[in-house]
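Raw contents of start32.txt, compact mmCIF, N, CA and C atoms:
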# COMPACT_ATOMS: atom_id res chain seq x y z
N MET A 38 69.31 -65.09 -78.35
CA MET A 38 68.39 -65.17 -77.25
C MET A 38 69.04 -64.59 -75.99
N GLN A 39 68.29 -63.74 -75.29
CA GLN A 39 68.83 -63.08 -74.11
C GLN A 39 68.75 -63.99 -72.89
N GLU A 40 69.76 -63.88 -72.07
CA GLU A 40 69.85 -64.67 -70.84
C GLU A 40 68.77 -64.22 -69.85
N GLU A 41 68.20 -65.19 -69.12
CA GLU A 41 67.24 -64.87 -68.06
C GLU A 41 67.93 -64.04 -66.98
N PRO A 42 67.23 -63.05 -66.43
CA PRO A 42 67.86 -62.30 -65.33
C PRO A 42 68.09 -63.19 -64.11
N HIS A 43 69.23 -63.01 -63.52
CA HIS A 43 69.61 -63.79 -62.33
C HIS A 43 69.93 -62.77 -61.22
N TYR A 44 69.06 -62.73 -60.19
CA TYR A 44 69.21 -61.77 -59.11
C TYR A 44 69.95 -62.42 -57.96
N GLU A 45 71.16 -61.97 -57.72
CA GLU A 45 71.92 -62.56 -56.62
C GLU A 45 72.91 -61.56 -56.06
N ILE A 46 72.80 -61.36 -54.76
CA ILE A 46 73.70 -60.47 -54.05
C ILE A 46 74.38 -61.29 -52.96
N THR A 47 75.71 -61.26 -52.92
CA THR A 47 76.47 -61.98 -51.91
C THR A 47 76.92 -60.97 -50.86
N ILE A 48 76.71 -61.32 -49.59
CA ILE A 48 77.02 -60.40 -48.51
C ILE A 48 77.98 -61.07 -47.53
N GLU A 49 79.09 -60.39 -47.25
CA GLU A 49 80.06 -60.86 -46.27
C GLU A 49 80.15 -59.83 -45.16
N VAL A 50 80.16 -60.31 -43.91
CA VAL A 50 80.18 -59.42 -42.75
C VAL A 50 81.38 -59.72 -41.87
N LYS A 51 82.06 -58.67 -41.43
CA LYS A 51 83.17 -58.82 -40.48
C LYS A 51 82.87 -57.93 -39.27
N PRO A 52 82.35 -58.52 -38.18
CA PRO A 52 82.07 -57.74 -36.98
C PRO A 52 83.33 -57.56 -36.13
N GLU A 53 83.34 -56.48 -35.33
CA GLU A 53 84.49 -56.19 -34.49
C GLU A 53 84.03 -55.43 -33.25
N TYR A 54 84.54 -55.81 -32.10
CA TYR A 54 84.23 -55.11 -30.85
C TYR A 54 85.04 -53.82 -30.79
N VAL A 55 84.42 -52.72 -30.41
CA VAL A 55 85.10 -51.43 -30.33
C VAL A 55 85.26 -51.06 -28.84
N ALA A 56 86.36 -51.53 -28.26
CA ALA A 56 86.59 -51.37 -26.82
C ALA A 56 86.65 -49.90 -26.41
N GLU A 57 87.30 -49.06 -27.22
CA GLU A 57 87.50 -47.66 -26.83
C GLU A 57 86.20 -46.85 -26.80
N GLN A 58 85.13 -47.33 -27.43
CA GLN A 58 83.85 -46.64 -27.38
C GLN A 58 82.85 -47.32 -26.43
N SER A 59 83.23 -48.48 -25.93
CA SER A 59 82.34 -49.25 -25.05
C SER A 59 82.54 -48.84 -23.59
N GLN A 60 81.48 -49.01 -22.81
CA GLN A 60 81.54 -48.75 -21.37
C GLN A 60 80.83 -49.90 -20.65
N PRO A 61 81.55 -51.02 -20.47
CA PRO A 61 80.93 -52.19 -19.86
C PRO A 61 80.28 -51.91 -18.50
N ASP A 62 80.86 -50.98 -17.72
CA ASP A 62 80.29 -50.65 -16.41
C ASP A 62 78.94 -49.94 -16.54
N LYS A 63 78.62 -49.46 -17.75
CA LYS A 63 77.34 -48.79 -18.01
C LYS A 63 76.48 -49.60 -19.00
N ASP A 64 76.81 -50.89 -19.16
CA ASP A 64 76.09 -51.77 -20.09
C ASP A 64 76.02 -51.18 -21.50
N ARG A 65 77.16 -50.71 -21.97
CA ARG A 65 77.25 -50.15 -23.33
C ARG A 65 78.39 -50.87 -24.05
N TYR A 66 78.02 -51.66 -25.05
CA TYR A 66 78.99 -52.43 -25.82
C TYR A 66 78.83 -52.03 -27.28
N VAL A 67 79.89 -51.49 -27.86
CA VAL A 67 79.85 -50.99 -29.23
C VAL A 67 80.53 -52.00 -30.16
N PHE A 68 79.83 -52.31 -31.23
CA PHE A 68 80.35 -53.23 -32.24
C PHE A 68 80.32 -52.55 -33.60
N ALA A 69 81.45 -52.60 -34.30
CA ALA A 69 81.49 -52.14 -35.68
C ALA A 69 81.33 -53.38 -36.56
N TYR A 70 80.76 -53.18 -37.73
CA TYR A 70 80.70 -54.28 -38.69
C TYR A 70 80.95 -53.72 -40.07
N THR A 71 81.83 -54.41 -40.79
CA THR A 71 82.15 -54.04 -42.17
C THR A 71 81.45 -55.03 -43.08
N ILE A 72 80.74 -54.51 -44.05
CA ILE A 72 79.95 -55.35 -44.94
C ILE A 72 80.41 -55.16 -46.38
N ASP A 73 80.64 -56.28 -47.04
CA ASP A 73 80.91 -56.29 -48.48
C ASP A 73 79.67 -56.82 -49.17
N ILE A 74 79.11 -55.99 -50.05
CA ILE A 74 77.92 -56.36 -50.82
C ILE A 74 78.39 -56.53 -52.27
N LYS A 75 78.23 -57.73 -52.82
CA LYS A 75 78.69 -57.97 -54.20
C LYS A 75 77.53 -58.48 -55.05
N ASN A 76 77.40 -57.90 -56.22
CA ASN A 76 76.38 -58.36 -57.17
C ASN A 76 76.94 -59.55 -57.93
N THR A 77 76.52 -60.75 -57.53
CA THR A 77 76.98 -61.97 -58.19
C THR A 77 75.94 -62.47 -59.20
N GLY A 78 74.92 -61.66 -59.43
CA GLY A 78 73.92 -61.98 -60.45
C GLY A 78 74.36 -61.43 -61.80
N ASN A 79 73.43 -61.40 -62.75
CA ASN A 79 73.78 -60.93 -64.09
C ASN A 79 72.99 -59.69 -64.50
N ILE A 80 72.39 -59.00 -63.51
CA ILE A 80 71.65 -57.78 -63.80
C ILE A 80 71.98 -56.75 -62.72
N ALA A 81 72.20 -55.51 -63.13
CA ALA A 81 72.53 -54.44 -62.19
C ALA A 81 71.37 -54.19 -61.23
N ALA A 82 71.69 -53.78 -60.01
CA ALA A 82 70.66 -53.53 -59.00
C ALA A 82 71.12 -52.44 -58.05
N LYS A 83 70.12 -51.72 -57.52
CA LYS A 83 70.37 -50.65 -56.57
C LYS A 83 69.84 -51.06 -55.20
N LEU A 84 70.62 -50.79 -54.16
CA LEU A 84 70.19 -51.07 -52.80
C LEU A 84 69.25 -49.94 -52.37
N LEU A 85 67.99 -50.27 -52.15
CA LEU A 85 67.01 -49.26 -51.76
C LEU A 85 66.92 -49.07 -50.26
N ARG A 86 66.75 -50.19 -49.53
CA ARG A 86 66.49 -50.13 -48.09
C ARG A 86 67.21 -51.23 -47.34
N ARG A 87 67.34 -51.02 -46.03
CA ARG A 87 67.93 -52.03 -45.16
C ARG A 87 66.92 -52.38 -44.07
N HIS A 88 67.02 -53.62 -43.59
CA HIS A 88 66.20 -54.08 -42.48
C HIS A 88 67.09 -54.95 -41.60
N TRP A 89 67.25 -54.54 -40.34
CA TRP A 89 68.09 -55.26 -39.39
C TRP A 89 67.26 -55.71 -38.21
N ILE A 90 67.60 -56.88 -37.69
CA ILE A 90 67.08 -57.35 -36.41
C ILE A 90 68.31 -57.59 -35.54
N ILE A 91 68.40 -56.82 -34.45
CA ILE A 91 69.56 -56.88 -33.56
C ILE A 91 69.07 -57.41 -32.22
N THR A 92 69.68 -58.49 -31.77
CA THR A 92 69.24 -59.13 -30.52
C THR A 92 70.42 -59.22 -29.56
N ASP A 93 70.20 -58.78 -28.30
CA ASP A 93 71.27 -58.91 -27.32
C ASP A 93 71.07 -60.16 -26.46
N ALA A 94 71.97 -60.39 -25.52
CA ALA A 94 71.93 -61.61 -24.71
C ALA A 94 70.74 -61.65 -23.75
N ASN A 95 70.08 -60.52 -23.54
CA ASN A 95 68.87 -60.47 -22.72
C ASN A 95 67.61 -60.67 -23.57
N ASN A 96 67.80 -61.02 -24.83
CA ASN A 96 66.71 -61.17 -25.80
C ASN A 96 65.99 -59.86 -26.08
N LYS A 97 66.66 -58.74 -25.85
CA LYS A 97 66.12 -57.44 -26.24
C LYS A 97 66.35 -57.30 -27.74
N VAL A 98 65.27 -57.02 -28.47
CA VAL A 98 65.35 -56.96 -29.93
C VAL A 98 65.15 -55.52 -30.40
N GLN A 99 66.05 -55.08 -31.27
CA GLN A 99 65.90 -53.78 -31.93
C GLN A 99 65.69 -54.06 -33.41
N GLU A 100 64.70 -53.41 -34.00
CA GLU A 100 64.52 -53.51 -35.45
C GLU A 100 64.89 -52.18 -36.06
N VAL A 101 65.70 -52.23 -37.10
CA VAL A 101 66.15 -51.02 -37.77
C VAL A 101 65.76 -51.11 -39.24
N ASN A 102 65.03 -50.11 -39.70
CA ASN A 102 64.66 -50.01 -41.11
C ASN A 102 65.05 -48.64 -41.60
N GLY A 103 65.49 -48.56 -42.84
CA GLY A 103 65.82 -47.25 -43.37
C GLY A 103 66.22 -47.33 -44.82
N ASP A 104 66.30 -46.16 -45.43
CA ASP A 104 66.73 -46.08 -46.82
C ASP A 104 68.23 -46.25 -46.90
N GLY A 105 68.68 -47.08 -47.83
CA GLY A 105 70.10 -47.24 -48.11
C GLY A 105 70.93 -47.69 -46.92
N VAL A 106 72.23 -47.48 -47.04
CA VAL A 106 73.20 -47.77 -45.99
C VAL A 106 74.15 -46.59 -45.90
N ILE A 107 74.47 -46.17 -44.71
CA ILE A 107 75.33 -45.01 -44.43
C ILE A 107 75.01 -43.82 -45.34
N GLY A 108 73.73 -43.58 -45.56
CA GLY A 108 73.32 -42.44 -46.37
C GLY A 108 73.46 -42.63 -47.88
N LYS A 109 73.76 -43.84 -48.30
CA LYS A 109 73.95 -44.10 -49.74
C LYS A 109 73.01 -45.20 -50.19
N GLN A 110 72.71 -45.19 -51.49
CA GLN A 110 71.96 -46.28 -52.12
C GLN A 110 72.82 -46.78 -53.29
N PRO A 111 73.80 -47.64 -52.95
CA PRO A 111 74.75 -48.06 -53.99
C PRO A 111 74.09 -48.81 -55.14
N TYR A 112 74.58 -48.50 -56.34
CA TYR A 112 74.12 -49.15 -57.57
C TYR A 112 75.23 -50.09 -58.00
N LEU A 113 74.89 -51.39 -58.09
CA LEU A 113 75.91 -52.40 -58.35
C LEU A 113 75.71 -53.08 -59.69
N GLN A 114 76.66 -52.88 -60.56
CA GLN A 114 76.69 -53.62 -61.82
C GLN A 114 77.08 -55.07 -61.49
N PRO A 115 76.75 -56.04 -62.36
CA PRO A 115 77.19 -57.42 -62.12
C PRO A 115 78.71 -57.48 -61.91
N GLY A 116 79.12 -58.21 -60.89
CA GLY A 116 80.54 -58.36 -60.58
C GLY A 116 81.11 -57.25 -59.71
N LYS A 117 80.36 -56.18 -59.49
CA LYS A 117 80.86 -55.05 -58.70
C LYS A 117 80.42 -55.18 -57.25
N SER A 118 81.16 -54.51 -56.36
CA SER A 118 80.83 -54.60 -54.95
C SER A 118 80.89 -53.23 -54.29
N PHE A 119 80.34 -53.17 -53.09
CA PHE A 119 80.31 -51.95 -52.29
C PHE A 119 80.61 -52.37 -50.85
N ARG A 120 81.52 -51.63 -50.21
CA ARG A 120 81.90 -51.94 -48.83
C ARG A 120 81.61 -50.74 -47.96
N TYR A 121 81.06 -51.02 -46.77
CA TYR A 121 80.85 -49.94 -45.81
C TYR A 121 81.00 -50.48 -44.40
N THR A 122 81.19 -49.57 -43.46
CA THR A 122 81.28 -49.93 -42.05
C THR A 122 80.25 -49.13 -41.28
N SER A 123 79.56 -49.79 -40.39
CA SER A 123 78.59 -49.15 -39.52
C SER A 123 78.76 -49.74 -38.13
N ALA A 124 77.83 -49.43 -37.22
CA ALA A 124 77.98 -49.89 -35.84
C ALA A 124 76.63 -50.17 -35.20
N ALA A 125 76.69 -50.98 -34.15
CA ALA A 125 75.52 -51.28 -33.34
C ALA A 125 75.95 -51.18 -31.88
N ILE A 126 75.04 -50.73 -31.03
CA ILE A 126 75.32 -50.62 -29.60
C ILE A 126 74.36 -51.54 -28.85
N LEU A 127 74.95 -52.43 -28.04
CA LEU A 127 74.16 -53.38 -27.26
C LEU A 127 74.34 -53.10 -25.77
N GLU A 128 73.41 -53.64 -24.98
CA GLU A 128 73.51 -53.55 -23.52
C GLU A 128 74.21 -54.76 -22.93
N THR A 129 74.55 -55.74 -23.77
CA THR A 129 75.24 -56.95 -23.31
C THR A 129 76.48 -57.18 -24.17
N PRO A 130 77.47 -57.93 -23.65
CA PRO A 130 78.70 -58.14 -24.42
C PRO A 130 78.56 -59.14 -25.56
N ILE A 131 77.39 -59.77 -25.67
CA ILE A 131 77.17 -60.74 -26.74
C ILE A 131 75.79 -60.47 -27.34
N GLY A 132 75.71 -60.63 -28.65
CA GLY A 132 74.43 -60.49 -29.34
C GLY A 132 74.57 -60.98 -30.76
N CYS A 133 73.55 -60.73 -31.56
CA CYS A 133 73.63 -61.12 -32.96
C CYS A 133 72.79 -60.17 -33.80
N MET A 134 73.07 -60.19 -35.10
CA MET A 134 72.34 -59.37 -36.07
C MET A 134 72.00 -60.22 -37.28
N GLN A 135 70.92 -59.86 -37.93
CA GLN A 135 70.55 -60.47 -39.20
C GLN A 135 69.60 -59.51 -39.90
N GLY A 136 69.33 -59.77 -41.16
CA GLY A 136 68.40 -58.89 -41.85
C GLY A 136 68.41 -59.11 -43.35
N HIS A 137 68.10 -58.04 -44.07
CA HIS A 137 68.14 -58.10 -45.53
C HIS A 137 68.22 -56.69 -46.11
N TYR A 138 68.65 -56.65 -47.36
CA TYR A 138 68.61 -55.42 -48.14
C TYR A 138 67.52 -55.59 -49.18
N GLU A 139 66.76 -54.55 -49.42
CA GLU A 139 65.79 -54.56 -50.51
C GLU A 139 66.47 -53.94 -51.72
N MET A 140 66.49 -54.70 -52.79
CA MET A 140 67.20 -54.31 -54.01
C MET A 140 66.20 -54.06 -55.14
N LEU A 141 66.58 -53.16 -56.05
CA LEU A 141 65.78 -52.89 -57.24
C LEU A 141 66.67 -53.16 -58.45
N ALA A 142 66.30 -54.18 -59.23
CA ALA A 142 67.07 -54.53 -60.43
C ALA A 142 66.71 -53.59 -61.58
N ASP A 143 67.58 -53.51 -62.56
CA ASP A 143 67.36 -52.64 -63.72
C ASP A 143 66.08 -52.96 -64.49
N ASP A 144 65.58 -54.19 -64.38
CA ASP A 144 64.36 -54.55 -65.09
C ASP A 144 63.09 -54.25 -64.28
N GLY A 145 63.27 -53.55 -63.13
CA GLY A 145 62.12 -53.15 -62.33
C GLY A 145 61.71 -54.14 -61.25
N VAL A 146 62.38 -55.29 -61.19
CA VAL A 146 62.06 -56.30 -60.18
C VAL A 146 62.73 -55.92 -58.85
N THR A 147 61.94 -55.96 -57.76
CA THR A 147 62.54 -55.78 -56.44
C THR A 147 62.73 -57.16 -55.81
N PHE A 148 63.82 -57.31 -55.10
CA PHE A 148 64.11 -58.59 -54.45
C PHE A 148 64.89 -58.32 -53.16
N LYS A 149 64.87 -59.31 -52.28
CA LYS A 149 65.58 -59.20 -51.01
C LYS A 149 66.90 -59.94 -51.08
N ALA A 150 67.94 -59.29 -50.55
CA ALA A 150 69.25 -59.93 -50.41
C ALA A 150 69.41 -60.23 -48.92
N PRO A 151 69.28 -61.52 -48.52
CA PRO A 151 69.33 -61.86 -47.10
C PRO A 151 70.73 -61.69 -46.49
N ILE A 152 70.74 -61.27 -45.23
CA ILE A 152 71.98 -61.17 -44.47
C ILE A 152 71.87 -62.20 -43.36
N GLU A 153 72.68 -63.24 -43.45
CA GLU A 153 72.63 -64.33 -42.47
C GLU A 153 73.00 -63.80 -41.09
N VAL A 154 72.57 -64.54 -40.08
CA VAL A 154 72.87 -64.18 -38.69
C VAL A 154 74.39 -64.13 -38.50
N PHE A 155 74.84 -63.05 -37.84
CA PHE A 155 76.25 -63.01 -37.44
C PHE A 155 76.33 -62.58 -35.99
N ARG A 156 77.38 -63.04 -35.33
CA ARG A 156 77.51 -62.86 -33.88
C ARG A 156 78.31 -61.61 -33.57
N LEU A 157 77.88 -60.92 -32.53
CA LEU A 157 78.61 -59.79 -31.97
C LEU A 157 79.07 -60.24 -30.59
N ALA A 158 80.37 -60.22 -30.34
CA ALA A 158 80.87 -60.71 -29.05
C ALA A 158 82.11 -59.92 -28.64
N ALA A 159 82.04 -59.38 -27.43
CA ALA A 159 83.21 -58.71 -26.86
C ALA A 159 84.15 -59.79 -26.32
N PRO A 160 85.45 -59.58 -26.47
CA PRO A 160 86.38 -60.55 -25.89
C PRO A 160 86.23 -60.57 -24.37
N MET A 161 86.15 -61.74 -23.82
CA MET A 161 85.99 -61.87 -22.37
C MET A 161 87.38 -61.80 -21.71
N THR A 162 87.46 -61.03 -20.64
CA THR A 162 88.74 -60.93 -19.94
C THR A 162 88.56 -61.42 -18.51
N LEU A 163 89.59 -62.06 -18.01
CA LEU A 163 89.59 -62.55 -16.63
C LEU A 163 90.45 -61.62 -15.79
N HIS A 164 89.99 -61.35 -14.58
CA HIS A 164 90.75 -60.45 -13.69
C HIS A 164 91.36 -61.26 -12.57

Mind converting the file's structure to C-alpha cells?
Amino acid sequence: MQEEPHYEITIEVKPEYVAEQSQPDKDRYVFAYTIDIKNTGNIAAKLLRRHWIITDANNKVQEVNGDGVIGKQPYLQPGKSFRYTSAAILETPIGCMQGHYEMLADDGVTFKAPIEVFRLAAPMTLH
C-alpha cells in the first residue's frame, strides 16, 4: 500500500541589514534576507510563484508577486533544500515581511508554503 502524499515545506529566514547600500538620510534602508526552503514532505514539489507582503514602520505595504525566486523555480525532492538571497528596500529602519510560495507537487496538487512574519531592523546607533 502506497503512503498518502504529505505536502510540507519548511522555510527558514535570516534577515540582515545592508548598511553599505542604505542611505538613512534619504529614507532608504536595504535589507538582505537568505531563505532556506526544505521539502520536509514525502512528495517532490516545484516552487511556482512567490507572494510577499512587506510592511514598513509607517504602515506602507508593498505586495510582491512573481514567478519563482531569483529567476528560478526550484524543484525539491523530499529531504532536499534550496537556498537563495534576495533583498527588500524600505523607507524606515524597521519593518516586516511575510508571505507564501505556491508549490506544485508531482501528483498535480498545488499548495501554499507559508512564510511566517519576520522582522527587518537596522541596528540603532546613538550619536

Self-check item: Test item: residues at most 5 Å from Gly132 (chain A), all atoms listed in the file, excluding those fewer than 6 positions along its chain, as a count of residues only
Solution: 6

Practice problem: Between A:Lys83, A:Met161, A:Tyr66, A:Ile131, single out the one closest to Leu113 (chain A), counting all atoms listed in the file. | Solution: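 Smallest separation from Leu113 (chain A) among the options: A:Lys83.
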
Practice problem: Write out as a ChimeraX atom specification the residues lying within 5 Å of region 68-80 of chain A, counting only N, CA and C atoms and excluding same-chain residues fewer than 5 positions away. | Solution: /A:43-55,115-125

Quiz item: Which value, in Å to one decimal, gives the distance between CA of Arg86 (chain A) and CA of Asn102 (chain A)?
Solution: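 Interatomic distance, CA of Arg86 (chain A) to CA of Asn102 (chain A): 7.2 Å.
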
Taking the backbone alone, and naming residues the way the document does, which bits of region 110-154 of chain A are strand (DSSP E or B) by DSSP, as a tab-separated table (two decimals) with N, CA and C atoms, in the coordinates of the input?
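For reference, part_18.tsv as written:
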chain	number	residue	atom	x	y	z
A	112	TYR	N	74.58	-48.50	-56.34
A	112	TYR	CA	74.12	-49.15	-57.57
A	112	TYR	C	75.23	-50.09	-58.00
A	113	LEU	N	74.89	-51.39	-58.09
A	113	LEU	CA	75.91	-52.40	-58.35
A	113	LEU	C	75.71	-53.08	-59.69
A	118	SER	N	81.16	-54.51	-56.36
A	118	SER	CA	80.83	-54.60	-54.95
A	118	SER	C	80.89	-53.23	-54.29
A	119	PHE	N	80.34	-53.17	-53.09
A	119	PHE	CA	80.31	-51.95	-52.29
A	119	PHE	C	80.61	-52.37	-50.85
A	120	ARG	N	81.52	-51.63	-50.21
A	120	ARG	CA	81.90	-51.94	-48.83
A	120	ARG	C	81.61	-50.74	-47.96
A	121	TYR	N	81.06	-51.02	-46.77
A	121	TYR	CA	80.85	-49.94	-45.81
A	121	TYR	C	81.00	-50.48	-44.40
A	122	THR	N	81.19	-49.57	-43.46
A	122	THR	CA	81.28	-49.93	-42.05
A	122	THR	C	80.25	-49.13	-41.28
A	123	SER	N	79.56	-49.79	-40.39
A	123	SER	CA	78.59	-49.15	-39.52
A	123	SER	C	78.76	-49.74	-38.13
A	124	ALA	N	77.83	-49.43	-37.22
A	124	ALA	CA	77.98	-49.89	-35.84
A	124	ALA	C	76.63	-50.17	-35.20
A	125	ALA	N	76.69	-50.98	-34.15
A	125	ALA	CA	75.52	-51.28	-33.34
A	125	ALA	C	75.95	-51.18	-31.88
A	126	ILE	N	75.04	-50.73	-31.03
A	126	ILE	CA	75.32	-50.62	-29.60
A	126	ILE	C	74.36	-51.54	-28.85
A	127	LEU	N	74.95	-52.43	-28.04
A	127	LEU	CA	74.16	-53.38	-27.26
A	127	LEU	C	74.34	-53.10	-25.77
A	131	ILE	N	77.39	-59.77	-25.67
A	131	ILE	CA	77.17	-60.74	-26.74
A	131	ILE	C	75.79	-60.47	-27.34
A	132	GLY	N	75.71	-60.63	-28.65
A	132	GLY	CA	74.43	-60.49	-29.34
A	132	GLY	C	74.57	-60.98	-30.76
A	133	CYS	N	73.55	-60.73	-31.56
A	133	CYS	CA	73.63	-61.12	-32.96
A	133	CYS	C	72.79	-60.17	-33.80
A	134	MET	N	73.07	-60.19	-35.10
A	134	MET	CA	72.34	-59.37	-36.07
A	134	MET	C	72.00	-60.22	-37.28
A	135	GLN	N	70.92	-59.86	-37.93
A	135	GLN	CA	70.55	-60.47	-39.20
A	135	GLN	C	69.60	-59.51	-39.90
A	136	GLY	N	69.33	-59.77	-41.16
A	136	GLY	CA	68.40	-58.89	-41.85
A	136	GLY	C	68.41	-59.11	-43.35
A	137	HIS	N	68.10	-58.04	-44.07
A	137	HIS	CA	68.14	-58.10	-45.53
A	137	HIS	C	68.22	-56.69	-46.11
A	138	TYR	N	68.65	-56.65	-47.36
A	138	TYR	CA	68.61	-55.42	-48.14
A	138	TYR	C	67.52	-55.59	-49.18
A	139	GLU	N	66.76	-54.55	-49.42
A	139	GLU	CA	65.79	-54.56	-50.51
A	139	GLU	C	66.47	-53.94	-51.72
A	140	MET	N	66.49	-54.70	-52.79
A	140	MET	CA	67.20	-54.31	-54.01
A	140	MET	C	66.20	-54.06	-55.14
A	141	LEU	N	66.58	-53.16	-56.05
A	141	LEU	CA	65.78	-52.89	-57.24
A	141	LEU	C	66.67	-53.16	-58.45
A	142	ALA	N	66.30	-54.18	-59.23
A	142	ALA	CA	67.07	-54.53	-60.43
A	142	ALA	C	66.71	-53.59	-61.58
A	147	THR	N	61.94	-55.96	-57.76
A	147	THR	CA	62.54	-55.78	-56.44
A	147	THR	C	62.73	-57.16	-55.81
A	148	PHE	N	63.82	-57.31	-55.10
A	148	PHE	CA	64.11	-58.59	-54.45
A	148	PHE	C	64.89	-58.32	-53.16
A	149	LYS	N	64.87	-59.31	-52.28
A	149	LYS	CA	65.58	-59.20	-51.01
A	149	LYS	C	66.90	-59.94	-51.08
A	150	ALA	N	67.94	-59.29	-50.55
A	150	ALA	CA	69.25	-59.93	-50.41
A	150	ALA	C	69.41	-60.23	-48.92
A	151	PRO	N	69.28	-61.52	-48.52
A	151	PRO	CA	69.33	-61.86	-47.10
A	151	PRO	C	70.73	-61.69	-46.49
A	152	ILE	N	70.74	-61.27	-45.23
A	152	ILE	CA	71.98	-61.17	-44.47
A	152	ILE	C	71.87	-62.20	-43.36
A	153	GLU	N	72.68	-63.24	-43.45
A	153	GLU	CA	72.63	-64.33	-42.47
A	153	GLU	C	73.00	-63.80	-41.09
A	154	VAL	N	72.57	-64.54	-40.08
A	154	VAL	CA	72.87	-64.18	-38.69
A	154	VAL	C	74.39	-64.13	-38.50

Self-check item: Contact residues around Phe155 (chain A) with only C-alpha atoms at 7 Å, ignoring same-chain residues under 6 positions, as a PyMOL selection string
Solution: chain A and resi 133-135

Just to be explicit: take each residue in the selection above, keep N, CA and C atoms, and write the result as a PDB file, in the coordinates of the input.
ATOM      1  N   CYS A 133      73.550 -60.730 -31.560  1.00  0.00           N
ATOM      2  CA  CYS A 133      73.630 -61.120 -32.960  1.00  0.00           C
ATOM      3  C   CYS A 133      72.790 -60.170 -33.800  1.00  0.00           C
ATOM      4  N   MET A 134      73.070 -60.190 -35.100  1.00  0.00           N
ATOM      5  CA  MET A 134      72.340 -59.370 -36.070  1.00  0.00           C
ATOM      6  C   MET A 134      72.000 -60.220 -37.280  1.00  0.00           C
ATOM      7  N   GLN A 135      70.920 -59.860 -37.930  1.00  0.00           N
ATOM      8  CA  GLN A 135      70.550 -60.470 -39.200  1.00  0.00           C
ATOM      9  C   GLN A 135      69.600 -59.510 -39.900  1.00  0.00           C
TER      10      GLN A 135
END

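Interatomic distance, CA of Arg87 (chain A) to CA of Glu57 (chain A): 27.2 Å.
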
Exercise. Go ahead and compute the interatomic distance for CA of Leu84 (chain A) and CA of Thr147 (chain A), in Å to one decimal.
Key: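 According to the coordinates, CA of Leu84 (chain A) and CA of Thr147 (chain A) are separated by 9.7 Å.
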
Exercise. Measuring atom to atom with only C-alpha atoms, identify which of A:Tyr138, A:Gly105, A:Tyr112, A:Thr129 is nearest to Glu153 (chain A).
Key: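 Closest to Glu153 (chain A), using only C-alpha atoms: A:Tyr138.
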
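Among the candidate residues A:Ile152, A:Asp143, A:Ile126, A:Gly136, the one lying nearest to Ser59 (chain A) is A:Ile126, with distances computed using only C-alpha atoms.
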
As an mmCIF file, in the coordinates of the input, the rebuilt region 104-108 of chain A with all heavy atoms:
data_model
loop_
_atom_site.group_PDB
_atom_site.id
_atom_site.type_symbol
_atom_site.label_atom_id
_atom_site.label_comp_id
_atom_site.auth_asym_id
_atom_site.auth_seq_id
_atom_site.Cartn_x
_atom_site.Cartn_y
_atom_site.Cartn_z
ATOM 1 N N ASP A 104 66.300 -46.160 -45.430
ATOM 2 C CA ASP A 104 66.730 -46.080 -46.820
ATOM 3 C C ASP A 104 68.230 -46.250 -46.900
ATOM 4 O O ASP A 104 68.973 -45.638 -46.125
ATOM 5 C CB ASP A 104 66.328 -44.733 -47.424
ATOM 6 C CG ASP A 104 64.828 -44.591 -47.587
ATOM 7 O OD1 ASP A 104 64.140 -45.625 -47.637
ATOM 8 O OD2 ASP A 104 64.342 -43.450 -47.656
ATOM 9 N N GLY A 105 68.680 -47.080 -47.830
ATOM 10 C CA GLY A 105 70.100 -47.240 -48.110
ATOM 11 C C GLY A 105 70.930 -47.690 -46.920
ATOM 12 O O GLY A 105 70.410 -48.213 -45.935
ATOM 13 N N VAL A 106 72.230 -47.480 -47.040
ATOM 14 C CA VAL A 106 73.200 -47.770 -45.990
ATOM 15 C C VAL A 106 74.150 -46.590 -45.900
ATOM 16 O O VAL A 106 74.549 -46.051 -46.923
ATOM 17 C CB VAL A 106 73.979 -49.085 -46.266
ATOM 18 C CG1 VAL A 106 73.073 -50.301 -46.136
ATOM 19 C CG2 VAL A 106 74.661 -49.074 -47.620
ATOM 20 N N ILE A 107 74.470 -46.170 -44.710
ATOM 21 C CA ILE A 107 75.330 -45.010 -44.430
ATOM 22 C C ILE A 107 75.010 -43.820 -45.340
ATOM 23 O O ILE A 107 75.899 -43.148 -45.843
ATOM 24 C CB ILE A 107 76.842 -45.364 -44.448
ATOM 25 C CG1 ILE A 107 77.302 -45.862 -45.818
ATOM 26 C CG2 ILE A 107 77.179 -46.369 -43.355
ATOM 27 C CD1 ILE A 107 78.823 -45.851 -46.006
ATOM 28 N N GLY A 108 73.730 -43.580 -45.560
ATOM 29 C CA GLY A 108 73.320 -42.440 -46.370
ATOM 30 C C GLY A 108 73.460 -42.630 -47.880
ATOM 31 O O GLY A 108 73.302 -41.675 -48.641
#
